[in-house]
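What follows is a single structure, written as structure tokens, with notes after it.
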Amino acid sequence: MPDSFPPLSRTVSVLCTAVGCALLAGACACAFLLRLGGLAQHVSVAVLLLLYAALALFLLGRAKLPASWLGAALLPIGLAIVLRVLCLDHVTYDYRDFLSQWAAFFRDNGGFAAIKQPIGDYNVPYLYFMAAISYLPVPDLYAIKLFSILFDVILAWGGLRLTQALTGRRDGPAGPLVFLALFLLPTVVLNGSFWGQCDSLYGALVLHALACVPDGRPKTSVALLAVAFSFKLQTIFLIPLWGALWLAGRVKFTHLLVFPAAYGATILPALLLGKPLGDILSVYFNQAGQYTTALAFNAPSVFAFLPYGMEVDQAFWSRAGILTAFVLCLFVLAWARRRRDTLDRDDMMAAAAVLALGVPFFLPYMHERYFFLADVITLVWAFRDKRRIPIAALTELSSLSSYCVYLRLRYTLPLHFAGHIWTMALEAMFILAALVLSLRVLIKPGKKHA
């Protein structure tokens with residue numbers, strides 16, 4: 001990765017800017033062709049999408065992107081916006097069976113006044129948003145997706161900030177390139193704008209939390225981690241990293257105490273609105289016990305190596321998976337303690353990749369989207385060190401294939417051998433290979449950055 005921006009001719013810059021503007025105009029035109037709502041709603045969608053593009057340009061400008069390159073960045077930004085607006089009308093089973101019903105419940109029961117009611121299986125910060133959109137004239141399908149798209153921008157910004165923190169530079173092309181790559185990453189595009197999911201919310205907060213560690217802001221880092229956890233339980237995959245940073249002396253124990261305080265702040269509005277504390281604290285326990293009918297739900301985990309339909313002792317294998325994930329976390333903690341005097345930023349990224357890949361790989365009952373953190377962390381790592389490109393590529397290919405299983409309702413790469421079918425063994429092999437490569441980087445002595 002070059003240390004400075006290469007020169008860009010005025011002709012290329014103007015051409016990219018023109019194409020980018022045309023793409024944004026096309027996105028607005030597509031917004032007026034959306035199936036739901038009327039003219040006012042379509043205008044609102046178009047305006048919001050343009051504001052997101054403007055926010056992306058503003059954040060890139062703050063990263064000291066030269067004016068010629070800032071204009072050229074309109075092309076990938078415009079493409080990212082077009083891809084998302086083309087996805088807005090798609091309705092998944094998750095939206096039909098859950099999200100749409102939650103939104104209707106809040107609309108029919110007084111918006112924020114309904115927070116105290118037992119609705120949905122998400123924690124209260126996301127319910128605040130669901131209550132808020134009940135007051136808006138925009139169709140719920142678009143409002144939910146537009147909220148996630150906003151956090152796609154914040155996620156890309158988090159990748160930019162993390163890259164800058166890793167390199168120790170506020171200029172150079174690495175950060176802006178990571179921004180654009182994350183904004184166009186297929187699983188990021190599909191997750192929010194097509195699927196209507198909100199993994200970019202906690203993913204963005206985790207990236208910003210990681211960026212705050214080398215920036216010397218541990219309290220802010222822990223606070224952001226707590227807010228991420230309040231949105232999604234899957235943040236727990238990376239929480240052991242902060243334990244490792246504490247054992248390595250990069251974070252103090254008093255800094256970790258910010259976590260319960262910040263988490264408490266996120267649930268305080270719900271408490272004031274009358275929601276019982278027990279209902280709030282039990283959400284994640286209920287989630288953990290809700291999907292236990294199979295060892296994996298279209299996830300490229302270790303359980304994908306079991307042939308389809310094979311009768312197994314599910315209780316035994318689930319306990320074995322939990323134990324293995326726990327041992328992996330203990331290994332990372334012990335590794336951090338041993339490297340206390342030498343642990344650096346690249347070590348932090350290696351540990352983050354190992355946890356983001358390994359914990360959901362070994363845990364039972366994982367879903368296809370639970371490698372979202374692995375997708376974005378390994379991509380940032382690849383821009384930091386080009387030798388990690390295979391890790392990022394394997395992770396994204398596996399994750400994207402897993403998404404397609406749910407979105408297409410058909411297995412992508414099933415394997416047939418000896419009278420058995422392995423529906424997602426190939427995707428699991430990709431994740432296992434990425435995990436092994438990451439572990440090799442973690443434990444191999446010597447320089448980790450090139």
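In the structure tokens, chains take the letters A, B, ... in the order shown, each chain's residues start at 1, and ligands count up from 1 in the order shown.
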- Message: For Glu427 (chain A), find every residue with an atom within 7 Å (counting only C-alpha atoms), except residues of its own chain fewer than 3 positions away, and show them as number ranges by chain.
- Response: A: 300, 398, 424, 430-431
| field | region 432-436 of chain A environment, 10 Å, only C-alpha atoms, sequence neighbours closer than 3 positions dropped, as a list in words | value |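 My list of contacting residues is Pro300, Ser301, Val302, Ala353, Val354, Leu355, Ala356, Leu357, Gly358, Phe361, Phe362, Ala374, Thr378, Arg388, Pro390, Ile391, Ala392, Ala393, Leu394, Thr395, Ser398, Leu426, Glu427, Ala428, Met429, Leu439, Arg440, Val441 and Leu442 of chain A.
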Written file, previous selection with N, CA and C atoms, as a short mmCIF file (atom, residue, chain, number, x, y, z; two decimals), in the first residue's frame:
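This went into again_3.cif:
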```
data_model
loop_
_atom_site.label_atom_id
_atom_site.label_comp_id
_atom_site.auth_asym_id
_atom_site.auth_seq_id
_atom_site.Cartn_x
_atom_site.Cartn_y
_atom_site.Cartn_z
N PRO A 300 -21.43 -21.54 8.38
CA PRO A 300 -20.25 -22.34 8.00
C PRO A 300 -19.42 -22.70 9.22
N SER A 301 -20.01 -23.39 10.16
CA SER A 301 -19.34 -23.73 11.41
C SER A 301 -18.80 -25.15 11.34
N VAL A 302 -18.16 -25.57 12.42
CA VAL A 302 -17.58 -26.91 12.47
C VAL A 302 -18.65 -27.99 12.30
N ALA A 353 -9.11 -11.21 14.69
CA ALA A 353 -9.50 -12.11 13.59
C ALA A 353 -9.71 -13.53 14.10
N VAL A 354 -8.82 -14.00 14.98
CA VAL A 354 -8.95 -15.35 15.53
C VAL A 354 -10.27 -15.50 16.29
N LEU A 355 -10.61 -14.52 17.09
CA LEU A 355 -11.85 -14.59 17.87
C LEU A 355 -13.08 -14.45 16.97
N ALA A 356 -13.05 -13.51 16.04
CA ALA A 356 -14.21 -13.29 15.17
C ALA A 356 -14.48 -14.50 14.27
N LEU A 357 -13.42 -15.22 13.90
CA LEU A 357 -13.57 -16.42 13.09
C LEU A 357 -13.83 -17.66 13.96
N GLY A 358 -13.04 -17.81 15.02
CA GLY A 358 -13.04 -19.05 15.77
C GLY A 358 -14.22 -19.26 16.69
N PHE A 361 -17.27 -20.21 14.81
CA PHE A 361 -17.00 -21.46 14.10
C PHE A 361 -17.24 -22.67 15.01
N PHE A 362 -16.89 -22.53 16.28
CA PHE A 362 -17.02 -23.67 17.20
C PHE A 362 -18.34 -23.68 17.97
N ALA A 374 -16.29 -11.10 11.45
CA ALA A 374 -15.13 -11.67 10.77
C ALA A 374 -14.98 -11.07 9.37
N THR A 378 -11.45 -8.93 8.99
CA THR A 378 -10.43 -9.49 8.11
C THR A 378 -10.20 -8.61 6.90
N ARG A 388 -2.53 -10.80 4.35
CA ARG A 388 -3.76 -11.32 4.95
C ARG A 388 -4.93 -11.33 3.97
N PRO A 390 -5.63 -13.48 1.56
CA PRO A 390 -6.31 -14.79 1.49
C PRO A 390 -7.28 -15.03 2.64
N ILE A 391 -6.94 -14.55 3.84
CA ILE A 391 -7.84 -14.72 4.98
C ILE A 391 -9.15 -13.97 4.74
N ALA A 392 -9.04 -12.73 4.29
CA ALA A 392 -10.23 -11.93 4.03
C ALA A 392 -11.06 -12.53 2.90
N ALA A 393 -10.39 -13.01 1.85
CA ALA A 393 -11.11 -13.58 0.70
C ALA A 393 -11.85 -14.86 1.10
N LEU A 394 -11.19 -15.74 1.84
CA LEU A 394 -11.84 -16.97 2.28
C LEU A 394 -13.04 -16.68 3.17
N THR A 395 -12.88 -15.71 4.06
CA THR A 395 -13.97 -15.37 4.97
C THR A 395 -15.17 -14.80 4.23
N SER A 398 -16.99 -17.48 2.05
CA SER A 398 -17.79 -18.37 2.87
C SER A 398 -19.05 -17.68 3.38
N LEU A 426 -18.03 -27.06 2.35
CA LEU A 426 -17.03 -26.28 1.63
C LEU A 426 -16.88 -24.89 2.25
N GLU A 427 -18.02 -24.27 2.59
CA GLU A 427 -17.96 -22.96 3.25
C GLU A 427 -17.26 -23.08 4.60
N ALA A 428 -17.52 -24.17 5.32
CA ALA A 428 -16.86 -24.38 6.61
C ALA A 428 -15.35 -24.58 6.43
N MET A 429 -14.96 -25.23 5.34
CA MET A 429 -13.53 -25.40 5.05
C MET A 429 -12.86 -24.04 4.84
N LEU A 439 -4.48 -18.04 13.11
CA LEU A 439 -3.77 -18.58 14.27
C LEU A 439 -2.27 -18.65 14.01
N ARG A 440 -1.90 -18.99 12.80
CA ARG A 440 -0.48 -19.05 12.45
C ARG A 440 0.18 -17.68 12.59
N VAL A 441 -0.53 -16.64 12.17
CA VAL A 441 -0.01 -15.28 12.33
C VAL A 441 0.09 -14.93 13.82
N LEU A 442 -0.92 -15.35 14.59
CA LEU A 442 -0.96 -15.00 16.01
C LEU A 442 0.22 -15.59 16.77
#
```
Expressed in Å, the length from CA of Leu70 (chain A) to CA of Phe179 (chain A) is 12.4 Å
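Considering the residues A:Ala114, A:Leu127, A:Ala352, A:Val12 and counting only C-alpha atoms, Ala336 (chain A) has its shortest atom-to-atom contact with A:Ala352.
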Based on DSSP run over this structure's backbone, return all residues of region 304-427 of chain A in alpha helix (DSSP H), as JSON, numbers by chain.
{"A": [314, 315, 316, 317, 318, 319, 320, 321, 322, 323, 324, 325, 326, 327, 328, 329, 330, 331, 332, 333, 334, 335, 336, 337, 338, 345, 346, 347, 348, 349, 350, 351, 352, 353, 354, 355, 356, 357, 358, 359, 360, 361, 362, 372, 373, 374, 375, 376, 377, 378, 379, 380, 381, 382, 383, 384, 389, 390, 391, 392, 393, 394, 395, 396, 397, 398, 399, 400, 401, 402, 403, 404, 405, 406, 407, 408, 425, 426, 427]}
Using only C-alpha atoms, which residues sit within 10 Å of Ala54 (chain A) once same-chain residues fewer than 6 positions away are excluded, as a list in words?
->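 Everything that qualifies: Leu48, Leu60, Leu74 and Ile77 of chain A.
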Residues as selected, C-alpha atoms, written as a compact mmCIF listing (two decimals), in the first residue's frame, can you do that?
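Contents of out_23.txt, as written:
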```txt
# COMPACT_ATOMS: atom_id res chain seq x y z
CA LEU A 48 -31.98 10.28 2.69
CA LEU A 60 -13.61 10.90 3.38
CA LEU A 74 -18.25 9.61 -6.00
CA ILE A 77 -20.17 5.76 -3.47
```
### Message
Ranking A:Phe326, A:Ala304, A:Pro364, A:Gly20 by minimum distance to Pro414 (chain A) and counting only C-alpha atoms, which one comes first?
### Response
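With only C-alpha atoms as the atom set, the closest residue is A:Ala304.
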Kindly provide the residues of region 304-336 of chain A that approach region 277-294 of chain A to within 10 Å, each paired with its closest atom pair and their distance in Å to one decimal, based on only C-alpha atoms, listed by chain and increasing number, as CSV.
```
residue,atom,partner,partner_atom,distance
A:Gln314,CA,A:Ala294,CA,7.8
A:Ala315,CA,A:Thr292,CA,9.8
A:Ser318,CA,A:Thr292,CA,9.4
```
Output file for the residues above (all heavy atoms, as an mmCIF file, in the first residue's frame):
```cif
data_model
loop_
_atom_site.group_PDB
_atom_site.id
_atom_site.type_symbol
_atom_site.label_atom_id
_atom_site.label_comp_id
_atom_site.auth_asym_id
_atom_site.auth_seq_id
_atom_site.Cartn_x
_atom_site.Cartn_y
_atom_site.Cartn_z
ATOM 1 N N GLN A 314 -26.960 -34.373 19.965
ATOM 2 C CA GLN A 314 -26.862 -32.918 19.848
ATOM 3 C C GLN A 314 -26.382 -32.275 21.137
ATOM 4 O O GLN A 314 -25.593 -31.323 21.112
ATOM 5 C CB GLN A 314 -28.217 -32.337 19.446
ATOM 6 C CG GLN A 314 -28.192 -30.833 19.209
ATOM 7 C CD GLN A 314 -29.475 -30.347 18.556
ATOM 8 O OE1 GLN A 314 -29.975 -30.958 17.635
ATOM 9 N NE2 GLN A 314 -29.998 -29.226 19.054
ATOM 10 N N ALA A 315 -26.823 -32.783 22.283
ATOM 11 C CA ALA A 315 -26.412 -32.207 23.560
ATOM 12 C C ALA A 315 -24.906 -32.345 23.748
ATOM 13 O O ALA A 315 -24.232 -31.407 24.187
ATOM 14 C CB ALA A 315 -27.162 -32.880 24.706
ATOM 15 N N SER A 318 -23.030 -30.020 21.167
ATOM 16 C CA SER A 318 -23.162 -28.599 21.501
ATOM 17 C C SER A 318 -22.262 -28.240 22.673
ATOM 18 O O SER A 318 -21.601 -27.199 22.664
ATOM 19 C CB SER A 318 -24.622 -28.260 21.817
ATOM 20 O OG SER A 318 -25.076 -28.954 22.963
#
```
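Closest approach to Lys116 (chain A) among A:Pro307, A:Pro360, A:Pro276, A:Gly419 is made by A:Pro276 (distances from only C-alpha atoms).
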What's around Ile133 (chain A) at 12 Å? Count only C-alpha atoms, leave out sequence neighbours fewer than 6 positions away in its own chain, and write the answer as an mmCIF file with all heavy atoms, in the first residue's frame.
```cif
data_model
loop_
_atom_site.group_PDB
_atom_site.id
_atom_site.type_symbol
_atom_site.label_atom_id
_atom_site.label_comp_id
_atom_site.auth_asym_id
_atom_site.auth_seq_id
_atom_site.Cartn_x
_atom_site.Cartn_y
_atom_site.Cartn_z
ATOM 1 N N LEU A 99 -39.953 -8.491 11.795
ATOM 2 C CA LEU A 99 -39.749 -7.043 11.831
ATOM 3 C C LEU A 99 -41.017 -6.268 11.508
ATOM 4 O O LEU A 99 -41.330 -5.270 12.176
ATOM 5 C CB LEU A 99 -38.624 -6.657 10.860
ATOM 6 C CG LEU A 99 -37.234 -7.212 11.192
ATOM 7 C CD1 LEU A 99 -36.236 -6.868 10.077
ATOM 8 C CD2 LEU A 99 -36.733 -6.663 12.524
ATOM 9 N N SER A 100 -41.741 -6.688 10.502
ATOM 10 C CA SER A 100 -42.960 -5.959 10.134
ATOM 11 C C SER A 100 -43.999 -6.024 11.252
ATOM 12 O O SER A 100 -44.718 -5.050 11.505
ATOM 13 C CB SER A 100 -43.542 -6.524 8.838
ATOM 14 O OG SER A 100 -43.946 -7.870 9.016
ATOM 15 N N TRP A 102 -43.342 -6.365 14.496
ATOM 16 C CA TRP A 102 -42.896 -5.516 15.605
ATOM 17 C C TRP A 102 -43.217 -4.054 15.317
ATOM 18 O O TRP A 102 -43.690 -3.322 16.195
ATOM 19 C CB TRP A 102 -41.394 -5.671 15.828
ATOM 20 C CG TRP A 102 -40.966 -7.070 16.171
ATOM 21 C CD1 TRP A 102 -41.770 -8.122 16.496
ATOM 22 C CD2 TRP A 102 -39.628 -7.566 16.205
ATOM 23 N NE1 TRP A 102 -41.018 -9.244 16.745
ATOM 24 C CE2 TRP A 102 -39.700 -8.938 16.572
ATOM 25 C CE3 TRP A 102 -38.379 -7.003 15.969
ATOM 26 C CZ2 TRP A 102 -38.565 -9.736 16.690
ATOM 27 C CZ3 TRP A 102 -37.242 -7.795 16.091
ATOM 28 C CH2 TRP A 102 -37.346 -9.149 16.445
ATOM 29 N N ALA A 103 -42.943 -3.626 14.071
ATOM 30 C CA ALA A 103 -43.226 -2.238 13.704
ATOM 31 C C ALA A 103 -44.721 -1.942 13.829
ATOM 32 O O ALA A 103 -45.123 -0.879 14.342
ATOM 33 C CB ALA A 103 -42.737 -1.965 12.284
ATOM 34 N N ALA A 104 -45.548 -2.869 13.385
ATOM 35 C CA ALA A 104 -46.998 -2.676 13.485
ATOM 36 C C ALA A 104 -47.445 -2.633 14.940
ATOM 37 O O ALA A 104 -48.346 -1.854 15.307
ATOM 38 C CB ALA A 104 -47.715 -3.799 12.736
ATOM 39 N N PHE A 105 -46.819 -3.432 15.792
ATOM 40 C CA PHE A 105 -47.169 -3.440 17.211
ATOM 41 C C PHE A 105 -46.914 -2.082 17.843
ATOM 42 O O PHE A 105 -47.758 -1.555 18.587
ATOM 43 C CB PHE A 105 -46.365 -4.517 17.928
ATOM 44 C CG PHE A 105 -46.641 -4.590 19.412
ATOM 45 C CD1 PHE A 105 -47.677 -5.368 19.895
ATOM 46 C CD2 PHE A 105 -45.877 -3.866 20.316
ATOM 47 C CE1 PHE A 105 -47.941 -5.433 21.261
ATOM 48 C CE2 PHE A 105 -46.121 -3.923 21.677
ATOM 49 C CZ PHE A 105 -47.163 -4.714 22.150
ATOM 50 N N PHE A 106 -45.763 -1.494 17.544
ATOM 51 C CA PHE A 106 -45.453 -0.175 18.114
ATOM 52 C C PHE A 106 -46.406 0.882 17.576
ATOM 53 O O PHE A 106 -46.832 1.781 18.315
ATOM 54 C CB PHE A 106 -44.001 0.206 17.809
ATOM 55 C CG PHE A 106 -43.004 -0.454 18.712
ATOM 56 C CD1 PHE A 106 -42.185 -1.475 18.258
ATOM 57 C CD2 PHE A 106 -42.888 -0.063 20.046
ATOM 58 C CE1 PHE A 106 -41.268 -2.088 19.097
ATOM 59 C CE2 PHE A 106 -41.974 -0.675 20.892
ATOM 60 C CZ PHE A 106 -41.166 -1.694 20.421
ATOM 61 N N ARG A 107 -46.767 0.786 16.323
ATOM 62 C CA ARG A 107 -47.679 1.776 15.744
ATOM 63 C C ARG A 107 -49.067 1.673 16.378
ATOM 64 O O ARG A 107 -49.725 2.693 16.606
ATOM 65 C CB ARG A 107 -47.773 1.571 14.233
ATOM 66 C CG ARG A 107 -48.655 2.604 13.527
ATOM 67 C CD ARG A 107 -48.591 2.467 12.026
ATOM 68 N NE ARG A 107 -47.251 2.752 11.538
ATOM 69 C CZ ARG A 107 -46.380 1.826 11.137
ATOM 70 N NH1 ARG A 107 -46.713 0.544 11.166
ATOM 71 N NH2 ARG A 107 -45.198 2.166 10.708
ATOM 72 N N GLY A 110 -49.000 2.925 20.629
ATOM 73 C CA GLY A 110 -48.510 4.184 21.167
ATOM 74 C C GLY A 110 -47.026 4.436 21.041
ATOM 75 O O GLY A 110 -46.476 5.249 21.780
ATOM 76 N N GLY A 111 -46.346 3.785 20.108
ATOM 77 C CA GLY A 111 -44.933 4.081 19.878
ATOM 78 C C GLY A 111 -44.071 3.767 21.084
ATOM 79 O O GLY A 111 -43.998 2.623 21.548
ATOM 80 N N PHE A 112 -43.421 4.788 21.628
ATOM 81 C CA PHE A 112 -42.504 4.584 22.755
ATOM 82 C C PHE A 112 -43.235 4.072 24.005
ATOM 83 O O PHE A 112 -42.631 3.420 24.851
ATOM 84 C CB PHE A 112 -41.764 5.884 23.078
ATOM 85 C CG PHE A 112 -40.635 6.167 22.127
ATOM 86 C CD1 PHE A 112 -40.785 7.083 21.095
ATOM 87 C CD2 PHE A 112 -39.424 5.518 22.257
ATOM 88 C CE1 PHE A 112 -39.760 7.341 20.210
ATOM 89 C CE2 PHE A 112 -38.383 5.766 21.383
ATOM 90 C CZ PHE A 112 -38.557 6.679 20.344
ATOM 91 N N TYR A 126 -32.508 -1.414 19.993
ATOM 92 C CA TYR A 126 -33.128 -1.550 18.672
ATOM 93 C C TYR A 126 -34.630 -1.302 18.747
ATOM 94 O O TYR A 126 -35.235 -0.789 17.797
ATOM 95 C CB TYR A 126 -32.852 -2.934 18.092
ATOM 96 C CG TYR A 126 -33.219 -3.040 16.629
ATOM 97 C CD1 TYR A 126 -32.439 -2.430 15.652
ATOM 98 C CD2 TYR A 126 -34.360 -3.718 16.220
ATOM 99 C CE1 TYR A 126 -32.783 -2.501 14.307
ATOM 100 C CE2 TYR A 126 -34.712 -3.808 14.882
ATOM 101 C CZ TYR A 126 -33.914 -3.194 13.927
ATOM 102 O OH TYR A 126 -34.257 -3.263 12.590
ATOM 103 N N LEU A 127 -35.234 -1.619 19.886
ATOM 104 C CA LEU A 127 -36.666 -1.357 20.042
ATOM 105 C C LEU A 127 -36.948 0.137 20.078
ATOM 106 O O LEU A 127 -38.030 0.580 19.668
ATOM 107 C CB LEU A 127 -37.195 -2.031 21.308
ATOM 108 C CG LEU A 127 -37.101 -3.563 21.351
ATOM 109 C CD1 LEU A 127 -37.755 -4.090 22.623
ATOM 110 C CD2 LEU A 127 -37.749 -4.198 20.117
ATOM 111 N N PRO A 139 -42.878 3.938 4.680
ATOM 112 C CA PRO A 139 -43.185 2.517 4.880
ATOM 113 C C PRO A 139 -42.131 1.834 5.756
ATOM 114 O O PRO A 139 -40.934 2.107 5.643
ATOM 115 C CB PRO A 139 -43.181 1.955 3.453
ATOM 116 C CG PRO A 139 -43.561 3.120 2.591
ATOM 117 C CD PRO A 139 -42.938 4.316 3.243
ATOM 118 N N ASP A 140 -42.595 0.956 6.630
ATOM 119 C CA ASP A 140 -41.690 0.308 7.586
ATOM 120 C C ASP A 140 -40.531 -0.402 6.899
ATOM 121 O O ASP A 140 -39.402 -0.371 7.388
ATOM 122 C CB ASP A 140 -42.470 -0.710 8.427
ATOM 123 C CG ASP A 140 -43.544 -0.061 9.280
ATOM 124 O OD1 ASP A 140 -43.380 1.128 9.618
ATOM 125 O OD2 ASP A 140 -44.538 -0.739 9.603
ATOM 126 N N LEU A 141 -40.798 -1.052 5.789
ATOM 127 C CA LEU A 141 -39.752 -1.795 5.081
ATOM 128 C C LEU A 141 -38.589 -0.881 4.737
ATOM 129 O O LEU A 141 -37.411 -1.250 4.949
ATOM 130 C CB LEU A 141 -40.333 -2.421 3.810
ATOM 131 C CG LEU A 141 -39.344 -3.200 2.934
ATOM 132 C CD1 LEU A 141 -38.833 -4.436 3.669
ATOM 133 C CD2 LEU A 141 -40.002 -3.602 1.613
ATOM 134 N N TYR A 142 -38.889 0.312 4.230
ATOM 135 C CA TYR A 142 -37.827 1.232 3.844
ATOM 136 C C TYR A 142 -37.167 1.863 5.061
ATOM 137 O O TYR A 142 -35.937 2.039 5.090
ATOM 138 C CB TYR A 142 -38.388 2.325 2.928
ATOM 139 C CG TYR A 142 -39.091 1.814 1.689
ATOM 140 C CD1 TYR A 142 -40.120 2.538 1.097
ATOM 141 C CD2 TYR A 142 -38.742 0.588 1.122
ATOM 142 C CE1 TYR A 142 -40.775 2.079 -0.034
ATOM 143 C CE2 TYR A 142 -39.395 0.117 -0.002
ATOM 144 C CZ TYR A 142 -40.412 0.857 -0.578
ATOM 145 O OH TYR A 142 -41.061 0.397 -1.701
ATOM 146 N N ALA A 143 -37.953 2.214 6.060
ATOM 147 C CA ALA A 143 -37.394 2.851 7.250
ATOM 148 C C ALA A 143 -36.389 1.926 7.943
ATOM 149 O O ALA A 143 -35.308 2.354 8.356
ATOM 150 C CB ALA A 143 -38.506 3.240 8.221
ATOM 151 N N ILE A 144 -36.738 0.655 8.072
ATOM 152 C CA ILE A 144 -35.847 -0.310 8.716
ATOM 153 C C ILE A 144 -34.549 -0.447 7.926
ATOM 154 O O ILE A 144 -33.447 -0.441 8.491
ATOM 155 C CB ILE A 144 -36.566 -1.669 8.852
ATOM 156 C CG1 ILE A 144 -37.660 -1.565 9.915
ATOM 157 C CG2 ILE A 144 -35.587 -2.787 9.179
ATOM 158 C CD1 ILE A 144 -38.584 -2.770 9.965
ATOM 159 N N LYS A 145 -34.680 -0.553 6.621
ATOM 160 C CA LYS A 145 -33.490 -0.726 5.798
ATOM 161 C C LYS A 145 -32.650 0.548 5.737
ATOM 162 O O LYS A 145 -31.406 0.480 5.756
ATOM 163 C CB LYS A 145 -33.896 -1.168 4.390
ATOM 164 C CG LYS A 145 -34.488 -2.573 4.346
ATOM 165 C CD LYS A 145 -34.756 -3.025 2.924
ATOM 166 C CE LYS A 145 -35.204 -4.480 2.881
ATOM 167 N NZ LYS A 145 -35.355 -4.999 1.511
ATOM 168 N N LEU A 146 -33.284 1.696 5.689
ATOM 169 C CA LEU A 146 -32.532 2.951 5.637
ATOM 170 C C LEU A 146 -31.749 3.193 6.922
ATOM 171 O O LEU A 146 -30.658 3.767 6.902
ATOM 172 C CB LEU A 146 -33.481 4.120 5.358
ATOM 173 C CG LEU A 146 -34.026 4.190 3.923
ATOM 174 C CD1 LEU A 146 -35.199 5.162 3.839
ATOM 175 C CD2 LEU A 146 -32.923 4.603 2.950
ATOM 176 N N PHE A 147 -32.296 2.752 8.036
ATOM 177 C CA PHE A 147 -31.571 2.859 9.300
ATOM 178 C C PHE A 147 -30.305 2.015 9.254
ATOM 179 O O PHE A 147 -29.224 2.447 9.668
ATOM 180 C CB PHE A 147 -32.473 2.401 10.447
ATOM 181 C CG PHE A 147 -31.864 2.548 11.812
ATOM 182 C CD1 PHE A 147 -31.506 3.780 12.315
ATOM 183 C CD2 PHE A 147 -31.643 1.420 12.603
ATOM 184 C CE1 PHE A 147 -30.963 3.912 13.584
ATOM 185 C CE2 PHE A 147 -31.095 1.539 13.867
ATOM 186 C CZ PHE A 147 -30.744 2.785 14.358
#
```
Give me the residues within 12 Å of Leu88 (chain A) as an NGL selection string, counting only C-alpha atoms and dropping any in the same chain fewer than 6 places off. :A and (27 or 30-36 or 42 or 45-46 or 49 or 81-82 or 95 or 139-149 or 189-196)
Using only C-alpha atoms, what does the table of region 200-222 of chain A residues within 9 Å of region 251-268 of chain A look like, with each row giving the shortest atom pair and its distance in Å to one decimal, sorted by chain and ascending number, as a Markdown table?
```
| residue | atom | partner | partner_atom | distance |
| --- | --- | --- | --- | --- |
| A:Val213 | CA | A:Val251 | CA | 8.0 |
| A:Pro218 | CA | A:Val251 | CA | 6.1 |
| A:Lys219 | CA | A:His255 | CA | 5.2 |
| A:Thr220 | CA | A:Val258 | CA | 8.5 |
| A:Ser221 | CA | A:His255 | CA | 8.9 |
| A:Val222 | CA | A:Phe259 | CA | 5.7 |
```
Keeping only N, CA and C atoms, take the residues you just selected and write them out as a JSON list (two decimals), in the first residue's frame.
```
[["chain", "number", "residue", "atom", "x", "y", "z"],
["A", 213, "VAL", "N", -8.49, 1.88, 20.74],
["A", 213, "VAL", "CA", -7.43, 1.28, 21.56],
["A", 213, "VAL", "C", -6.06, 1.83, 21.18],
["A", 218, "PRO", "N", -8.99, 4.24, 25.86],
["A", 218, "PRO", "CA", -9.55, 2.95, 26.31],
["A", 218, "PRO", "C", -10.95, 3.06, 26.88],
["A", 219, "LYS", "N", -11.26, 4.14, 27.60],
["A", 219, "LYS", "CA", -12.60, 4.28, 28.17],
["A", 219, "LYS", "C", -13.66, 4.38, 27.06],
["A", 220, "THR", "N", -13.36, 5.18, 26.05],
["A", 220, "THR", "CA", -14.28, 5.30, 24.93],
["A", 220, "THR", "C", -14.43, 3.96, 24.22],
["A", 221, "SER", "N", -13.32, 3.25, 24.10],
["A", 221, "SER", "CA", -13.35, 1.94, 23.46],
["A", 221, "SER", "C", -14.30, 0.99, 24.19],
["A", 222, "VAL", "N", -14.17, 0.90, 25.50],
["A", 222, "VAL", "CA", -15.01, 0.00, 26.28],
["A", 222, "VAL", "C", -16.47, 0.46, 26.24]]
```
- [ ] For CA of Gly321 (chain A) and CA of Leu363 (chain A), quote the distance in Å rounded to one decimal.
- [x]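 We find that CA of Gly321 (chain A) and CA of Leu363 (chain A) lie 5.0 Å from each other.
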Closest of A:Asp313, A:Asp385, A:Asp121, A:Glu368 to Ala350 (chain A), counting only C-alpha atoms, is A:Asp385
